[in-house]
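File shown here: data.txt, holding compact mmCIF, C-alpha atoms.
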# COMPACT_ATOMS: atom_id res chain seq x y z
CA MET L 3 37.36 -18.27 26.92
CA ASN L 4 39.73 -15.60 28.27
CA SER L 5 39.03 -13.34 31.22
CA SER L 6 38.40 -10.17 29.19
CA LYS L 7 34.81 -8.99 29.12
CA GLN L 8 33.01 -10.36 26.02
CA THR L 9 29.37 -9.86 27.02
CA THR L 10 27.10 -8.81 24.18
CA GLY L 11 23.70 -9.20 25.82
CA PRO L 12 21.03 -6.50 26.28
CA GLY L 13 22.21 -3.39 28.06
CA THR L 14 25.90 -3.80 27.27
CA SER L 15 27.95 -1.16 25.54
CA GLN L 16 28.44 -3.38 22.46
CA ASN L 17 24.72 -3.86 21.96
CA THR L 18 24.05 -0.17 22.44
CA ARG L 19 26.61 0.88 19.81
CA HIS L 20 25.45 -1.79 17.33
CA ASP L 21 29.15 -2.58 16.70
CA GLY L 22 28.19 -6.04 15.50
CA GLY L 23 30.25 -8.00 18.02
CA ALA L 24 32.50 -9.66 15.45
CA ALA L 25 33.50 -6.37 13.85
CA GLY L 26 34.26 -4.94 17.26
CA ALA L 27 36.39 -7.93 18.17
CA ALA L 28 38.41 -7.60 14.98
CA ALA L 29 39.02 -3.94 15.67
CA ARG L 30 40.27 -4.68 19.16
CA THR L 31 42.60 -7.50 18.13
CA GLY L 32 43.75 -6.11 14.79
CA GLY L 33 43.05 -9.43 13.04
CA GLY L 34 41.04 -9.74 9.86
CA GLN L 35 38.03 -12.00 9.60
CA ILE L 36 35.08 -13.00 7.47
CA VAL L 37 31.57 -12.75 8.90
CA LEU L 38 28.71 -14.53 7.13
CA ALA L 39 25.55 -12.65 8.06
CA ALA L 40 21.98 -13.76 7.48
CA THR L 41 19.65 -11.13 6.05
CA PRO L 42 15.82 -11.03 6.22
CA ILE L 43 14.03 -13.40 3.83
CA GLY L 44 11.06 -11.06 3.61
CA ASN L 45 10.21 -9.25 6.83
CA MET L 46 12.66 -6.45 7.64
CA GLY L 47 11.73 -6.81 11.28
CA ASP L 48 13.81 -10.00 11.31
CA ALA L 49 17.07 -8.06 10.89
CA THR L 50 19.12 -8.62 14.05
CA ASN L 51 20.99 -5.98 16.02
CA ARG L 52 24.16 -7.83 15.16
CA LEU L 53 23.47 -7.60 11.42
CA ILE L 54 22.78 -3.89 11.75
CA GLY L 55 26.02 -3.35 13.63
CA LEU L 56 28.02 -5.30 11.09
CA LEU L 57 26.53 -3.35 8.19
CA GLU L 58 27.46 -0.10 9.90
CA THR L 59 31.01 -1.01 10.89
CA ALA L 60 32.44 -3.67 8.55
CA ASP L 61 35.49 -2.56 6.56
CA VAL L 62 34.26 -4.39 3.45
CA ILE L 63 30.81 -5.70 2.52
CA ALA L 64 30.65 -8.40 -0.15
CA ALA L 65 27.08 -8.46 -1.46
CA GLU L 66 25.40 -10.82 -3.89
CA ASP L 67 23.48 -7.86 -5.33
CA THR L 68 24.62 -4.37 -4.36
CA ARG L 69 21.24 -2.91 -5.30
CA ARG L 70 19.49 -5.27 -2.90
CA LEU L 71 22.02 -4.33 -0.25
CA HIS L 72 21.29 -0.63 -0.69
CA ARG L 73 17.56 -1.33 -0.38
CA LEU L 74 18.19 -3.29 2.81
CA VAL L 75 20.31 -0.51 4.31
CA SER L 76 17.69 2.06 3.36
CA ALA L 77 14.87 0.00 4.90
CA LEU L 78 16.87 -0.34 8.12
CA LYS L 79 17.57 3.40 8.11
CA ILE L 80 21.29 2.98 8.65
CA THR L 81 24.44 3.89 6.74
CA THR L 82 27.46 1.80 5.83
CA SER L 83 31.03 2.97 6.29
CA GLY L 84 32.93 0.23 4.49
CA ARG L 85 33.69 -0.53 0.89
CA ILE L 86 30.91 -2.39 -0.95
CA ILE L 87 31.89 -5.08 -3.48
CA SER L 88 29.64 -7.26 -5.61
CA TYR L 89 30.24 -10.97 -5.07
CA HIS L 90 28.01 -13.46 -6.86
CA GLU L 91 28.08 -16.79 -8.70
CA HIS L 92 29.49 -15.21 -11.87
CA ASN L 93 32.55 -13.60 -10.26
CA GLU L 94 33.23 -15.78 -7.20
CA ALA L 95 36.11 -17.56 -8.89
CA THR L 96 37.96 -14.35 -9.78
CA ARG L 97 37.06 -12.14 -6.82
CA THR L 98 37.68 -14.55 -3.94
CA ALA L 99 41.46 -13.99 -3.99
CA ASP L 100 41.00 -10.20 -3.69
CA LEU L 101 38.66 -10.57 -0.72
CA LEU L 102 41.05 -12.92 1.06
CA GLU L 103 43.87 -10.42 0.56
CA MET L 104 41.78 -7.78 2.36
CA VAL L 105 41.18 -10.16 5.27
CA ARG L 106 44.88 -10.96 5.48
CA GLY L 107 45.46 -7.23 5.76
CA GLY L 108 43.27 -7.01 8.84
CA ALA L 109 39.88 -6.13 7.36
CA THR L 110 36.54 -7.34 8.68
CA LEU L 111 34.75 -8.64 5.62
CA LEU L 112 30.98 -8.95 5.86
CA MET L 113 29.39 -11.41 3.43
CA VAL L 114 25.66 -10.99 2.69
CA THR L 115 23.35 -12.41 0.05
CA ASP L 116 19.96 -11.31 -1.21
CA ALA L 117 18.14 -13.18 1.55
CA GLY L 118 18.95 -15.71 4.22
CA MET L 119 22.29 -17.28 5.06
CA PRO L 120 25.29 -16.97 2.71
CA ALA L 121 26.77 -20.23 1.37
CA VAL L 122 23.41 -22.05 1.65
CA SER L 123 22.23 -22.23 -1.98
CA ASP L 124 23.82 -18.79 -2.29
CA PRO L 125 27.32 -17.36 -2.86
CA GLY L 126 29.81 -17.79 -0.04
CA PHE L 127 30.97 -21.38 -0.19
CA ARG L 128 34.05 -20.65 -2.31
CA LEU L 129 35.06 -17.87 0.05
CA VAL L 130 34.68 -19.98 3.18
CA GLU L 131 36.45 -22.96 1.62
CA ALA L 132 39.43 -20.83 0.56
CA ALA L 133 39.61 -19.00 3.90
CA ALA L 134 39.48 -22.25 5.85
CA LYS L 135 42.38 -23.67 3.84
CA GLU L 136 44.47 -20.66 4.84
CA GLY L 137 43.39 -20.76 8.46
CA LEU L 138 41.74 -17.34 8.27
CA THR L 139 39.02 -16.54 10.78
CA VAL L 140 35.48 -17.19 9.57
CA THR L 141 32.43 -16.71 11.79
CA ALA L 142 28.71 -16.16 11.33
CA ALA L 143 25.93 -13.87 12.48
CA PRO L 144 22.97 -16.28 12.35
CA GLY L 145 19.50 -15.16 11.46
CA PRO L 146 16.62 -15.82 9.06
CA SER L 147 16.72 -19.03 7.02
CA ALA L 148 14.15 -20.06 4.42
CA VAL L 149 15.25 -23.69 4.81
CA LEU L 150 14.61 -23.89 8.53
CA THR L 151 11.49 -21.71 8.42
CA ALA L 152 9.85 -23.89 5.77
CA LEU L 153 10.87 -27.06 7.62
CA ALA L 154 9.45 -25.82 10.91
CA LEU L 155 6.14 -24.78 9.34
CA SER L 156 5.71 -27.90 7.19
CA GLY L 157 4.22 -30.11 9.87
CA LEU L 158 6.59 -32.87 8.76
CA PRO L 159 9.23 -34.61 10.92
CA THR L 160 12.14 -32.30 11.75
CA ASP L 161 14.39 -34.65 13.72
CA ARG L 162 16.26 -35.69 10.56
CA PHE L 163 16.23 -33.69 7.33
CA CYS L 164 18.33 -32.81 4.30
CA PHE L 165 18.48 -29.75 2.05
CA GLU L 166 18.48 -30.48 -1.69
CA GLY L 167 18.32 -26.92 -3.03
CA PHE L 168 17.08 -26.53 -6.61
CA LEU L 169 16.43 -29.65 -8.66
CA PRO L 170 17.92 -29.78 -12.20
CA ARG L 171 15.80 -27.94 -14.76
CA LYS L 172 16.07 -30.60 -17.47
CA ALA L 173 13.44 -33.30 -17.09
CA GLY L 174 15.85 -36.22 -17.54
CA GLU L 175 18.37 -34.92 -15.02
CA ARG L 176 15.59 -34.06 -12.57
CA SER L 177 14.12 -37.56 -12.81
CA ALA L 178 17.54 -39.11 -12.23
CA ARG L 179 18.08 -37.00 -9.11
CA LEU L 180 14.65 -37.86 -7.72
CA SER L 181 15.24 -41.54 -8.43
CA GLU L 182 18.29 -41.32 -6.16
CA LEU L 183 16.15 -39.71 -3.47
CA ALA L 184 13.18 -42.08 -3.70
CA GLY L 185 14.39 -44.11 -0.72
CA GLU L 186 15.60 -41.12 1.34
CA GLN L 187 14.07 -41.47 4.81
CA ARG L 188 14.85 -37.94 6.00
CA THR L 189 12.49 -35.02 5.39
CA MET L 190 13.68 -33.19 2.27
CA VAL L 191 13.68 -29.42 1.64
CA PHE L 192 13.84 -28.01 -1.88
CA PHE L 193 13.79 -24.53 -3.43
CA GLU L 194 11.94 -23.81 -6.67
CA ALA L 195 11.01 -20.87 -8.87
CA PRO L 196 7.25 -20.19 -9.06
CA HIS L 197 7.03 -20.77 -12.82
CA ARG L 198 8.67 -24.21 -12.43
CA LEU L 199 6.68 -25.37 -9.41
CA GLU L 200 4.08 -27.32 -11.39
CA PRO L 201 6.56 -29.50 -13.35
CA MET L 202 8.56 -30.00 -10.18
CA LEU L 203 5.51 -31.27 -8.27
CA ARG L 204 4.62 -33.49 -11.20
CA ALA L 205 8.11 -35.00 -11.09
CA LEU L 206 7.88 -35.48 -7.32
CA ASP L 207 4.50 -37.18 -7.74
CA ALA L 208 5.95 -39.55 -10.34
CA ALA L 209 9.08 -40.36 -8.31
CA PHE L 210 7.67 -40.55 -4.77
CA GLY L 211 3.98 -41.31 -5.30
CA GLY L 212 1.01 -38.99 -5.01
CA ASP L 213 0.29 -40.02 -1.42
CA ARG L 214 3.64 -38.78 -0.07
CA ARG L 215 3.05 -35.94 2.41
CA ALA L 216 4.51 -32.56 1.50
CA ALA L 217 4.19 -28.83 2.02
CA VAL L 218 4.60 -25.84 -0.28
CA ALA L 219 5.73 -22.70 1.56
CA ARG L 220 5.37 -19.43 -0.31
CA GLU L 221 6.41 -15.85 0.57
CA LEU L 222 7.71 -16.85 4.00
CA THR L 223 7.60 -14.07 6.65
CA LYS L 224 5.92 -11.71 4.15
CA LEU L 225 2.40 -10.27 4.17
CA HIS L 226 1.01 -12.97 1.88
CA GLU L 227 2.78 -15.93 3.47
CA GLN L 228 1.13 -19.22 2.56
CA VAL L 229 1.88 -22.79 3.63
CA LEU L 230 -0.07 -25.58 1.96
CA ARG L 231 0.18 -29.03 3.58
CA ALA L 232 -1.18 -31.97 1.59
CA PRO L 233 -0.20 -35.13 -0.31
CA LEU L 234 1.85 -34.44 -3.43
CA ARG L 235 -1.05 -35.24 -5.78
CA GLU L 236 -3.25 -32.60 -4.15
CA LEU L 237 -0.47 -30.02 -4.25
CA LEU L 238 0.04 -30.76 -7.94
CA GLU L 239 -3.67 -30.23 -8.61
CA TRP L 240 -3.50 -26.91 -6.77
CA ALA L 241 -0.47 -25.80 -8.79
CA GLU L 242 -2.19 -26.74 -12.06
CA THR L 243 -5.05 -24.33 -11.39
CA SER L 244 -3.31 -21.49 -9.53
CA GLU L 245 -1.26 -18.45 -10.45
CA ILE L 246 1.82 -18.90 -8.32
CA ARG L 247 4.09 -16.05 -7.32
CA GLY L 248 6.87 -15.40 -4.84
CA GLU L 249 9.74 -17.37 -3.38
CA ILE L 250 8.97 -21.08 -3.00
CA ALA L 251 10.21 -23.80 -0.65
CA VAL L 252 8.92 -27.35 -0.96
CA VAL L 253 9.20 -29.79 1.96
CA VAL L 254 8.64 -33.50 1.33
CA ALA L 255 8.33 -36.31 3.86
CA GLY L 256 10.95 -39.00 3.71
CA ALA L 257 10.22 -42.54 2.57
CA GLY L 258 8.75 -44.82 5.19
CA VAL L 259 10.92 -47.49 6.74
CA ALA L 260 10.35 -50.74 4.88
CA ALA L 261 9.00 -53.56 6.99
CA PRO L 262 11.55 -56.32 7.56
CA GLU L 263 11.18 -59.22 5.15
CA GLN L 264 9.39 -62.32 6.41
CA PRO L 265 9.90 -65.95 5.29
CA GLU L 266 6.35 -65.87 3.86
CA ASP L 267 7.49 -63.16 1.40
CA HIS L 268 9.71 -65.73 -0.38
CA VAL L 269 7.44 -68.75 -0.63
CA ALA L 270 6.54 -67.90 -4.24
CA ALA L 271 10.22 -67.80 -5.21
CA VAL L 272 10.73 -71.27 -3.74
CA ASN L 273 7.69 -72.65 -5.55
CA GLY L 274 8.96 -71.10 -8.77
CA LEU L 275 12.23 -73.01 -8.52
CA VAL L 276 10.42 -76.22 -7.66
CA ALA L 277 8.20 -75.77 -10.72
CA GLN L 278 11.37 -75.56 -12.80
CA GLY L 279 12.52 -78.96 -11.51
CA ALA L 280 14.51 -78.12 -8.37
CA ARG L 281 14.15 -80.22 -5.26
CA LEU L 282 12.28 -78.44 -2.46
CA LYS L 283 15.27 -78.59 -0.11
CA ASP L 284 17.59 -77.15 -2.75
CA ALA L 285 15.11 -74.42 -3.71
CA VAL L 286 14.73 -73.38 -0.07
CA ALA L 287 18.50 -73.26 0.39
CA THR L 288 18.98 -71.11 -2.73
CA VAL L 289 16.26 -68.60 -1.88
CA ALA L 290 17.22 -68.40 1.81
CA GLU L 291 20.83 -67.65 0.91
CA ASP L 292 19.84 -64.92 -1.58
CA ALA L 293 17.36 -63.34 0.83
CA ARG L 294 19.61 -63.85 3.86
CA ILE L 295 16.89 -65.49 5.92
CA SER L 296 16.68 -68.71 7.91
CA LYS L 297 16.39 -71.88 5.80
CA ARG L 298 14.44 -73.59 8.57
CA GLU L 299 11.90 -70.77 8.86
CA LEU L 300 11.51 -70.56 5.07
CA TYR L 301 11.00 -74.32 4.80
CA SER L 302 8.32 -74.15 7.50
CA ALA L 303 6.62 -71.26 5.66
CA VAL L 304 6.53 -73.25 2.41
CA LEU L 305 4.99 -76.27 4.14
CA ALA L 306 2.44 -74.06 5.92
CA ALA L 307 1.43 -72.48 2.63
CA ARG L 308 0.85 -75.93 1.11
CA ALA L 309 -1.22 -77.19 4.01

Could you spell out this file's structure in structure tokens?
Amino acid sequence: MNSSKQTTGPGTSQNTRHDGGAAGAAARTGGGQIVLAATPIGNMGDATNRLIGLLETADVIAAEDTRRLHRLVSALKITTSGRIISYHEHNEATRTADLLEMVRGGATLLMVTDAGMPAVSDPGFRLVEAAAKEGLTVTAAPGPSAVLTALALSGLPTDRFCFEGFLPRKAGERSARLSELAGEQRTMVFFEAPHRLEPMLRALDAAFGGDRRAAVARELTKLHEQVLRAPLRELLEWAETSEIRGEIAVVVAGAGVAAPEQPEDHVAAVNGLVAQGARLKDAVATVAEDARISKRELYSAVLAARA
């Protein structure tokens, strides 16, 4: 950190002017940069002072949906001064180069999506990846996140988790993905559309078992916020009889840690080989090697079972 004053806390001139911090820094240094800014996921009161300042001062605003951006600006009762450009999954590939050229020219480019953090199940990844390869400055204005909000409210372990986004829509592809996740021990966070929640929960029930703990979070931070915490089978029954609306996040507990195998678990395998004509000693050696357990302990377990 250099010796120049960088304070942006309450009562400072930066905070008072709502210059967004990052935008102000770019203006002072003359260097271009990309700022990924989180927008409210429902409650406009969650908009940060930094987001407001960036919206007011950024040279360029890349928005997933320009209409949603205008509604956000109107709700916050502010005005933008920069150029507004649409940037979404259908034009990322062709528009990224143009945005990078603006940043090279010294512009502060603000990237916002419809809700939450850009690049997290939303446009922005291509832009960040390309900028990083060129060594261009990329920073973030953190804020609301549906992933973290749902995780925190789920009542499930939060020390280790993974975000899986939207599952494939096709049943076969969805089943294959869930089969890969069946042994995942971290808490898992998914997104889903309300009209696909029931088949998703049915697939989760089939892949993970109906007793697996989970939570369905709906309309987070909004007036009708709802978080249902129950085993998957109960959540499926609720979805089958309910009219579901709004944005959905599903949080699922990870698989339990399997108990370490004991010699007693392999006695049947030894007896099976013996029944086929193998000598007891040879059968114990074969099974112990395959199971990577002690031959002596397995032999003792077989004798104890016969006693």

Exercise. Name all residues at most 10 Å from L:Glu91 (count all atoms listed in the file; drop same-chain ones fewer than 2 positions away) and give them as a list in words.
Key: Glu66, Tyr89, Asn93, Glu94, Ala95, Asp124, Pro125, Gly126 and Arg128 of chain L

Quiz item: By how many Å are atom CA of L:Phe192 and atom CA of L:Ala205 apart?
Solution: 12.9 Å

Quiz item: In terms of the shortest atom-to-atom distance over all atoms listed in the file, which of L:Leu155, L:Val114, L:Ala133, L:Cys164 is closest to L:Arg188?
Solution: L:Cys164

Self-check item: Interatomic distance, atom CA of L:Leu222 to atom CA of L:Phe210 (Å, one decimal)
Solution: 25.3 Å

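The shortest atom-to-atom distance to L:Ala184, with only C-alpha atoms taken into account, belongs to L:Ala255 out of L:Arg204, L:Ala143, L:Ala255, L:Leu158.
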